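For reference, the structure is listed below as structure tokens.
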Amino acid sequence: PRSPLFFSLPRATPQHSFGMASHQLMTMLVGEGAKIDVHGCKTVDMASSFGKALLEFTFIVFACITLLLGINAAKSKAAGKVLFPATFVTGISAIAYFSMASGGGWVIAPDCRQLFIAHYVDWIITTPLILICLGVVAGVDRWDIMSLVLADVLMVSSLAAGSLTVGNVKWVWWFFAICWLLYIIFSLGKQWAESAKSKGGQSSSVYSKLAGIVVITWFLYPIVWVFAEGFGNFSVTFEVLIFAILDIISKAIFGLILMSGADTGYESI
């Protein structure tokens, strides 16, 4: 299979300088002696101008939500316990979307498709923070949080590895990711939910809403992956649209619901 690498455009175009910079960056990442070869890809499925506009819009959404969450996180120590991690979630996503909107954060996958690797860098950092927020609200033990965080990292890593491979191995990686996802969903719906109920009050109500968002959106991510990075049925632009919607719901809306619970100060936490 062809090695994934940054896309370089033909000479004598304004984009050529970006292609050269991408080539230099890839050389920097993989080493001077690495072979870089794009000649196997005659055409590459790239995001359209609409897709780039979506990336810019999503960046603005996350930047605004980050500012809002940060202001509210500073209001009380109890609120800060859950809102500061949520602020980092949307802040990191804002950086990732800025990277993609400004022309970076992507490689060419072996199937000659533009792959926004910044998504995976974003998810492998922000999804553990989301679980930490949920764990704090539910009042579970730190070791329970750690076990789900590790499972989450393995899940995202498996999907990333699958995106960079071809053939049957791709689906082995996807299967690994689904196994870790099912473990996370089971834990959120049983052990963590029971812990939240035992606390009662505002924390229980907020946890139910947040866990519902996480379970539904996280279950949809690998389904979209099947038709995007998997079979390639979805165009890159449509993939950008769907992932942007899921990211906004699972992070921005997640943070706003957390913030609504912070109005009571999360006294029970």
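Residues in the structure tokens are named by chain (A, B, ... in the order shown) and by number from 1 within that chain; ligands are numbered from 1 in the order shown.
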
Using 10 Å as the limit and counting only C-alpha atoms, can you tabulate each residue of stretch 105-125 of chain A that touches stretch 158-179 of chain A, with its shortest atom-to-atom distance in Å and the two atoms involved, as JSON lines?
```
{"residue": "A:Val107", "atom": "CA", "partner": "A:Leu164", "partner_atom": "CA", "distance": 9.4}
{"residue": "A:Ile108", "atom": "CA", "partner": "A:Leu164", "partner_atom": "CA", "distance": 8.8}
{"residue": "A:Ala109", "atom": "CA", "partner": "A:Leu164", "partner_atom": "CA", "distance": 5.6}
{"residue": "A:Pro110", "atom": "CA", "partner": "A:Leu164", "partner_atom": "CA", "distance": 6.3}
{"residue": "A:Asp111", "atom": "CA", "partner": "A:Val166", "partner_atom": "CA", "distance": 6.9}
{"residue": "A:Arg113", "atom": "CA", "partner": "A:Ser163", "partner_atom": "CA", "distance": 9.9}
{"residue": "A:Leu115", "atom": "CA", "partner": "A:Ser163", "partner_atom": "CA", "distance": 7.8}
{"residue": "A:Phe116", "atom": "CA", "partner": "A:Ser163", "partner_atom": "CA", "distance": 9.9}
{"residue": "A:Ile117", "atom": "CA", "partner": "A:Ala160", "partner_atom": "CA", "distance": 7.8}
{"residue": "A:His119", "atom": "CA", "partner": "A:Ala160", "partner_atom": "CA", "distance": 9.2}
{"residue": "A:Tyr120", "atom": "CA", "partner": "A:Ala160", "partner_atom": "CA", "distance": 6.3}
{"residue": "A:Val121", "atom": "CA", "partner": "A:Ala160", "partner_atom": "CA", "distance": 9.1}
{"residue": "A:Ile124", "atom": "CA", "partner": "A:Ala160", "partner_atom": "CA", "distance": 9.6}
```

Would you mind exporting C-alpha atoms of the selected residues as a PDB file, in the first residue's frame?
```
ATOM      1  CA  VAL A 107      -2.591  13.908   4.957  1.00  0.00           C
ATOM      2  CA  ILE A 108      -3.366  11.733   1.964  1.00  0.00           C
ATOM      3  CA  ALA A 109      -4.552   8.314   3.079  1.00  0.00           C
ATOM      4  CA  PRO A 110      -3.459   5.190   1.172  1.00  0.00           C
ATOM      5  CA  ASP A 111      -6.829   5.150  -0.611  1.00  0.00           C
ATOM      6  CA  ARG A 113      -8.417  10.446   0.040  1.00  0.00           C
ATOM      7  CA  LEU A 115      -7.667  12.554   5.669  1.00  0.00           C
ATOM      8  CA  PHE A 116      -7.973  15.232   8.334  1.00  0.00           C
ATOM      9  CA  ILE A 117      -5.565  13.764  10.849  1.00  0.00           C
ATOM     10  CA  HIS A 119      -9.550  15.209  13.921  1.00  0.00           C
ATOM     11  CA  TYR A 120      -7.818  12.260  15.537  1.00  0.00           C
ATOM     12  CA  VAL A 121      -5.325  14.451  17.389  1.00  0.00           C
ATOM     13  CA  ILE A 124      -7.508  11.570  21.441  1.00  0.00           C
TER      14      ILE A 124
END
```

Could you give me, as a PyMOL selection string, the residues within 10 Å of A:Tyr221, counting only C-alpha atoms and dropping anything in the same chain fewer than 3 positions from it?
chain A and resi 159+216-218+224-226+242-243+246-247

Neighbours of A:Tyr207 within 8 Å (only C-alpha atoms; same-chain residues fewer than 4 positions away dropped), as an mmCIF file with N, CA, C and O atoms, in the first residue's frame?
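Wrote it out as part-v1.cif, contents follow:
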```
data_model
loop_
_atom_site.group_PDB
_atom_site.id
_atom_site.type_symbol
_atom_site.label_atom_id
_atom_site.label_comp_id
_atom_site.auth_asym_id
_atom_site.auth_seq_id
_atom_site.Cartn_x
_atom_site.Cartn_y
_atom_site.Cartn_z
ATOM 1 N N LEU A 134 -17.640 13.824 32.907
ATOM 2 C CA LEU A 134 -18.728 12.913 33.278
ATOM 3 C C LEU A 134 -18.430 12.215 34.591
ATOM 4 O O LEU A 134 -19.317 12.050 35.440
ATOM 5 N N VAL A 137 -18.965 14.588 37.531
ATOM 6 C CA VAL A 137 -20.393 14.806 37.777
ATOM 7 C C VAL A 137 -21.032 13.573 38.418
ATOM 8 O O VAL A 137 -21.830 13.680 39.345
ATOM 9 N N ALA A 138 -20.658 12.380 37.920
ATOM 10 C CA ALA A 138 -21.242 11.147 38.438
ATOM 11 C C ALA A 138 -20.678 10.761 39.797
ATOM 12 O O ALA A 138 -21.291 9.988 40.536
ATOM 13 N N ALA A 193 -23.913 5.548 35.771
ATOM 14 C CA ALA A 193 -25.289 6.031 35.951
ATOM 15 C C ALA A 193 -25.790 5.739 37.363
ATOM 16 O O ALA A 193 -26.471 6.578 37.980
ATOM 17 N N ALA A 196 -24.256 8.244 39.723
ATOM 18 C CA ALA A 196 -24.895 9.560 39.615
ATOM 19 C C ALA A 196 -26.244 9.575 40.317
ATOM 20 O O ALA A 196 -26.604 10.547 40.992
ATOM 21 N N SER A 203 -26.725 16.934 40.003
ATOM 22 C CA SER A 203 -25.699 16.122 39.347
ATOM 23 C C SER A 203 -26.318 14.952 38.590
ATOM 24 O O SER A 203 -25.905 14.630 37.473
ATOM 25 N N ALA A 211 -24.614 12.022 29.500
ATOM 26 C CA ALA A 211 -24.324 10.646 29.101
ATOM 27 C C ALA A 211 -25.109 10.270 27.849
ATOM 28 O O ALA A 211 -24.595 9.554 26.974
#
```

Between atom CA of A:Ser187 and atom CA of A:Gly91, what is the distance, to one decimal in Å?
26.8 Å

Hey, which of A:Asn233, A:Ser198, A:Asn72, A:Ser208 ends up closest to A:Ala86? Count only C-alpha atoms.
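Among the listed residues, A:Asn72 lies closest to A:Ala86.
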
Would you kindly return, as a PDB file with all heavy atoms, in the first residue's frame, each protein, DNA or RNA residue with an atom no farther than 9 Å from any atom of A:Ile92, considering only C-alpha atoms and excluding same-chain residues fewer than 2 positions away?
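For reference, selection05.pdb as written:
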```pdb
ATOM      1  N   PHE A  62     -16.621  26.922  18.113  1.00  0.00           N
ATOM      2  CA  PHE A  62     -15.848  26.417  19.245  1.00  0.00           C
ATOM      3  C   PHE A  62     -15.105  27.539  19.975  1.00  0.00           C
ATOM      4  O   PHE A  62     -14.977  27.508  21.201  1.00  0.00           O
ATOM      5  CB  PHE A  62     -14.865  25.342  18.781  1.00  0.00           C
ATOM      6  CG  PHE A  62     -15.477  23.985  18.670  1.00  0.00           C
ATOM      7  CD1 PHE A  62     -15.478  23.288  17.472  1.00  0.00           C
ATOM      8  CD2 PHE A  62     -16.052  23.375  19.777  1.00  0.00           C
ATOM      9  CE1 PHE A  62     -16.046  22.030  17.374  1.00  0.00           C
ATOM     10  CE2 PHE A  62     -16.624  22.116  19.686  1.00  0.00           C
ATOM     11  CZ  PHE A  62     -16.619  21.443  18.482  1.00  0.00           C
ATOM     12  N   THR A  87     -13.874  23.491  29.074  1.00  0.00           N
ATOM     13  CA  THR A  87     -13.287  24.627  28.356  1.00  0.00           C
ATOM     14  C   THR A  87     -12.105  24.176  27.508  1.00  0.00           C
ATOM     15  O   THR A  87     -11.933  24.619  26.362  1.00  0.00           O
ATOM     16  CB  THR A  87     -12.831  25.712  29.345  1.00  0.00           C
ATOM     17  OG1 THR A  87     -13.945  26.123  30.139  1.00  0.00           O
ATOM     18  CG2 THR A  87     -12.273  26.916  28.608  1.00  0.00           C
ATOM     19  N   PHE A  88     -11.288  23.283  28.064  1.00  0.00           N
ATOM     20  CA  PHE A  88     -10.157  22.747  27.294  1.00  0.00           C
ATOM     21  C   PHE A  88     -10.644  21.899  26.120  1.00  0.00           C
ATOM     22  O   PHE A  88     -10.015  21.877  25.058  1.00  0.00           O
ATOM     23  CB  PHE A  88      -9.242  21.931  28.198  1.00  0.00           C
ATOM     24  CG  PHE A  88      -8.319  22.760  29.044  1.00  0.00           C
ATOM     25  CD1 PHE A  88      -8.526  22.877  30.409  1.00  0.00           C
ATOM     26  CD2 PHE A  88      -7.259  23.440  28.469  1.00  0.00           C
ATOM     27  CE1 PHE A  88      -7.683  23.658  31.183  1.00  0.00           C
ATOM     28  CE2 PHE A  88      -6.405  24.220  29.241  1.00  0.00           C
ATOM     29  CZ  PHE A  88      -6.619  24.335  30.606  1.00  0.00           C
ATOM     30  N   VAL A  89     -11.760  21.205  26.313  1.00  0.00           N
ATOM     31  CA  VAL A  89     -12.325  20.385  25.230  1.00  0.00           C
ATOM     32  C   VAL A  89     -12.636  21.261  24.018  1.00  0.00           C
ATOM     33  O   VAL A  89     -12.188  20.986  22.897  1.00  0.00           O
ATOM     34  CB  VAL A  89     -13.596  19.651  25.699  1.00  0.00           C
ATOM     35  CG1 VAL A  89     -14.352  19.066  24.501  1.00  0.00           C
ATOM     36  CG2 VAL A  89     -13.247  18.536  26.673  1.00  0.00           C
ATOM     37  N   THR A  90     -13.417  22.313  24.232  1.00  0.00           N
ATOM     38  CA  THR A  90     -13.800  23.166  23.102  1.00  0.00           C
ATOM     39  C   THR A  90     -12.614  23.996  22.605  1.00  0.00           C
ATOM     40  O   THR A  90     -12.516  24.290  21.408  1.00  0.00           O
ATOM     41  CB  THR A  90     -14.958  24.096  23.501  1.00  0.00           C
ATOM     42  OG1 THR A  90     -14.593  24.841  24.682  1.00  0.00           O
ATOM     43  CG2 THR A  90     -16.216  23.288  23.795  1.00  0.00           C
ATOM     44  N   ALA A  94     -11.244  23.979  18.889  1.00  0.00           N
ATOM     45  CA  ALA A  94     -11.115  25.229  18.123  1.00  0.00           C
ATOM     46  C   ALA A  94      -9.764  25.280  17.418  1.00  0.00           C
ATOM     47  O   ALA A  94      -9.669  25.657  16.242  1.00  0.00           O
ATOM     48  CB  ALA A  94     -11.286  26.428  19.055  1.00  0.00           C
ATOM     49  N   ILE A  95      -8.707  24.873  18.125  1.00  0.00           N
ATOM     50  CA  ILE A  95      -7.369  24.863  17.529  1.00  0.00           C
ATOM     51  C   ILE A  95      -7.305  23.867  16.365  1.00  0.00           C
ATOM     52  O   ILE A  95      -6.739  24.159  15.308  1.00  0.00           O
ATOM     53  CB  ILE A  95      -6.317  24.504  18.595  1.00  0.00           C
ATOM     54  CG1 ILE A  95      -6.206  25.634  19.624  1.00  0.00           C
ATOM     55  CG2 ILE A  95      -4.950  24.243  17.954  1.00  0.00           C
ATOM     56  CD1 ILE A  95      -5.327  25.306  20.807  1.00  0.00           C
ATOM     57  N   ALA A  96      -7.900  22.687  16.573  1.00  0.00           N
ATOM     58  CA  ALA A  96      -7.895  21.668  15.518  1.00  0.00           C
ATOM     59  C   ALA A  96      -8.626  22.159  14.276  1.00  0.00           C
ATOM     60  O   ALA A  96      -8.148  21.995  13.143  1.00  0.00           O
ATOM     61  CB  ALA A  96      -8.534  20.376  16.035  1.00  0.00           C
ATOM     62  N   TYR A  97      -9.783  22.788  14.466  1.00  0.00           N
ATOM     63  CA  TYR A  97     -10.551  23.274  13.316  1.00  0.00           C
ATOM     64  C   TYR A  97      -9.865  24.463  12.651  1.00  0.00           C
ATOM     65  O   TYR A  97      -9.952  24.628  11.425  1.00  0.00           O
ATOM     66  CB  TYR A  97     -11.979  23.620  13.738  1.00  0.00           C
ATOM     67  CG  TYR A  97     -12.900  22.421  13.635  1.00  0.00           C
ATOM     68  CD1 TYR A  97     -13.116  21.595  14.718  1.00  0.00           C
ATOM     69  CD2 TYR A  97     -13.515  22.093  12.430  1.00  0.00           C
ATOM     70  CE1 TYR A  97     -13.933  20.476  14.633  1.00  0.00           C
ATOM     71  CE2 TYR A  97     -14.339  20.995  12.316  1.00  0.00           C
ATOM     72  CZ  TYR A  97     -14.537  20.178  13.418  1.00  0.00           C
ATOM     73  OH  TYR A  97     -15.340  19.063  13.308  1.00  0.00           O
ATOM     74  N   ASP A 122      -7.292  15.785  17.836  1.00  0.00           N
ATOM     75  CA  ASP A 122      -8.314  16.438  18.654  1.00  0.00           C
ATOM     76  C   ASP A 122      -9.022  15.411  19.540  1.00  0.00           C
ATOM     77  O   ASP A 122      -9.087  15.562  20.772  1.00  0.00           O
ATOM     78  CB  ASP A 122      -9.303  17.130  17.707  1.00  0.00           C
ATOM     79  CG  ASP A 122     -10.536  17.685  18.415  1.00  0.00           C
ATOM     80  OD1 ASP A 122     -10.612  17.623  19.653  1.00  0.00           O
ATOM     81  OD2 ASP A 122     -11.437  18.187  17.705  1.00  0.00           O
ATOM     82  N   ILE A 125      -7.323  13.733  22.572  1.00  0.00           N
ATOM     83  CA  ILE A 125      -7.113  14.603  23.734  1.00  0.00           C
ATOM     84  C   ILE A 125      -8.446  14.992  24.379  1.00  0.00           C
ATOM     85  O   ILE A 125      -8.596  14.960  25.600  1.00  0.00           O
ATOM     86  CB  ILE A 125      -6.353  15.879  23.331  1.00  0.00           C
ATOM     87  CG1 ILE A 125      -4.982  15.525  22.747  1.00  0.00           C
ATOM     88  CG2 ILE A 125      -6.184  16.815  24.530  1.00  0.00           C
ATOM     89  CD1 ILE A 125      -4.245  16.713  22.171  1.00  0.00           C
ATOM     90  N   THR A 126      -9.427  15.350  23.559  1.00  0.00           N
ATOM     91  CA  THR A 126     -10.674  15.907  24.104  1.00  0.00           C
ATOM     92  C   THR A 126     -11.645  14.857  24.633  1.00  0.00           C
ATOM     93  O   THR A 126     -12.347  15.117  25.616  1.00  0.00           O
ATOM     94  CB  THR A 126     -11.390  16.755  23.039  1.00  0.00           C
ATOM     95  OG1 THR A 126     -11.660  15.951  21.873  1.00  0.00           O
ATOM     96  CG2 THR A 126     -10.547  17.946  22.642  1.00  0.00           C
TER      97      THR A 126
END
```

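Near A:Leu83, within a cut-off of 7 Å and counting only C-alpha atoms, sit the residues Leu69, Ala73, Ala79, Thr87, Leu258 and Met259 of chain A, with same-chain residues fewer than 4 positions away left out.
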
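The spacing separating atom CA of A:Leu129 from atom CA of A:Phe234 amounts to 29.0 Å.
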
Select, from A:Leu68, A:Met100, A:Leu256, A:Leu210, the residue with the minimum atom-to-atom distance to A:Gly135, counting only C-alpha atoms.
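Checking each candidate against A:Gly135, we get A:Leu210 as the closest.
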
Which polymer residues have any atom within 9 Å of an atom of A:Val236, counting only C-alpha atoms, with same-chain residues fewer than 3 positions away left out, as a count of residues only?
13

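With distances taken over only C-alpha atoms, A:Phe84 is the one residue among A:Phe98, A:Phe219, A:Phe50, A:Phe84 lying closest to A:Thr66.
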
Residue among A:Leu220, A:Ala101, A:Val215, A:Val153 lying closest to A:Ile60, counting only C-alpha atoms
A:Ala101

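With distances taken over only C-alpha atoms, A:Ile248 is the one residue among A:Leu181, A:Ile248, A:Gly40, A:Lys81 lying closest to A:Leu55.
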
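Between atom CA of A:Val140 and atom CA of A:Trp192 the separation is 6.4 Å.
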
All strand (DSSP E) residues (DSSP, backbone) inside stretch 47-238 of chain A, as a list of chain:residue names
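Selecting the strand (DSSP E) positions of stretch 47-238 of chain A gives A:Val107, A:Ile108, A:Gln114, A:Leu115.
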
For the residues selected in the previous step, produce a file with all heavy atoms as a short mmCIF file (atom, residue, chain, number, x, y, z; two decimals), in the first residue's frame.
```cif
data_model
loop_
_atom_site.label_atom_id
_atom_site.label_comp_id
_atom_site.auth_asym_id
_atom_site.auth_seq_id
_atom_site.Cartn_x
_atom_site.Cartn_y
_atom_site.Cartn_z
N VAL A 107 -3.51 14.71 5.76
CA VAL A 107 -2.59 13.91 4.96
C VAL A 107 -3.39 13.21 3.86
O VAL A 107 -4.62 13.26 3.86
CB VAL A 107 -1.86 12.84 5.83
CG1 VAL A 107 -1.04 13.49 6.92
CG2 VAL A 107 -2.88 11.86 6.41
N ILE A 108 -2.70 12.58 2.95
CA ILE A 108 -3.37 11.73 1.96
C ILE A 108 -3.31 10.30 2.47
O ILE A 108 -2.23 9.76 2.71
CB ILE A 108 -2.71 11.83 0.58
CG1 ILE A 108 -2.94 13.22 0.00
CG2 ILE A 108 -3.29 10.77 -0.35
CD1 ILE A 108 -2.40 13.37 -1.40
N GLN A 114 -8.27 12.65 1.05
CA GLN A 114 -7.81 13.61 2.04
C GLN A 114 -8.28 13.18 3.43
O GLN A 114 -9.47 13.00 3.65
CB GLN A 114 -8.33 15.01 1.72
CG GLN A 114 -7.80 16.08 2.66
CD GLN A 114 -8.37 17.46 2.33
OE1 GLN A 114 -9.45 17.58 1.76
NE2 GLN A 114 -7.64 18.50 2.70
N LEU A 115 -7.34 13.00 4.32
CA LEU A 115 -7.67 12.55 5.67
C LEU A 115 -7.26 13.64 6.66
O LEU A 115 -6.09 13.97 6.78
CB LEU A 115 -6.92 11.25 5.99
CG LEU A 115 -7.03 10.74 7.43
CD1 LEU A 115 -8.48 10.38 7.76
CD2 LEU A 115 -6.12 9.53 7.64
#
```
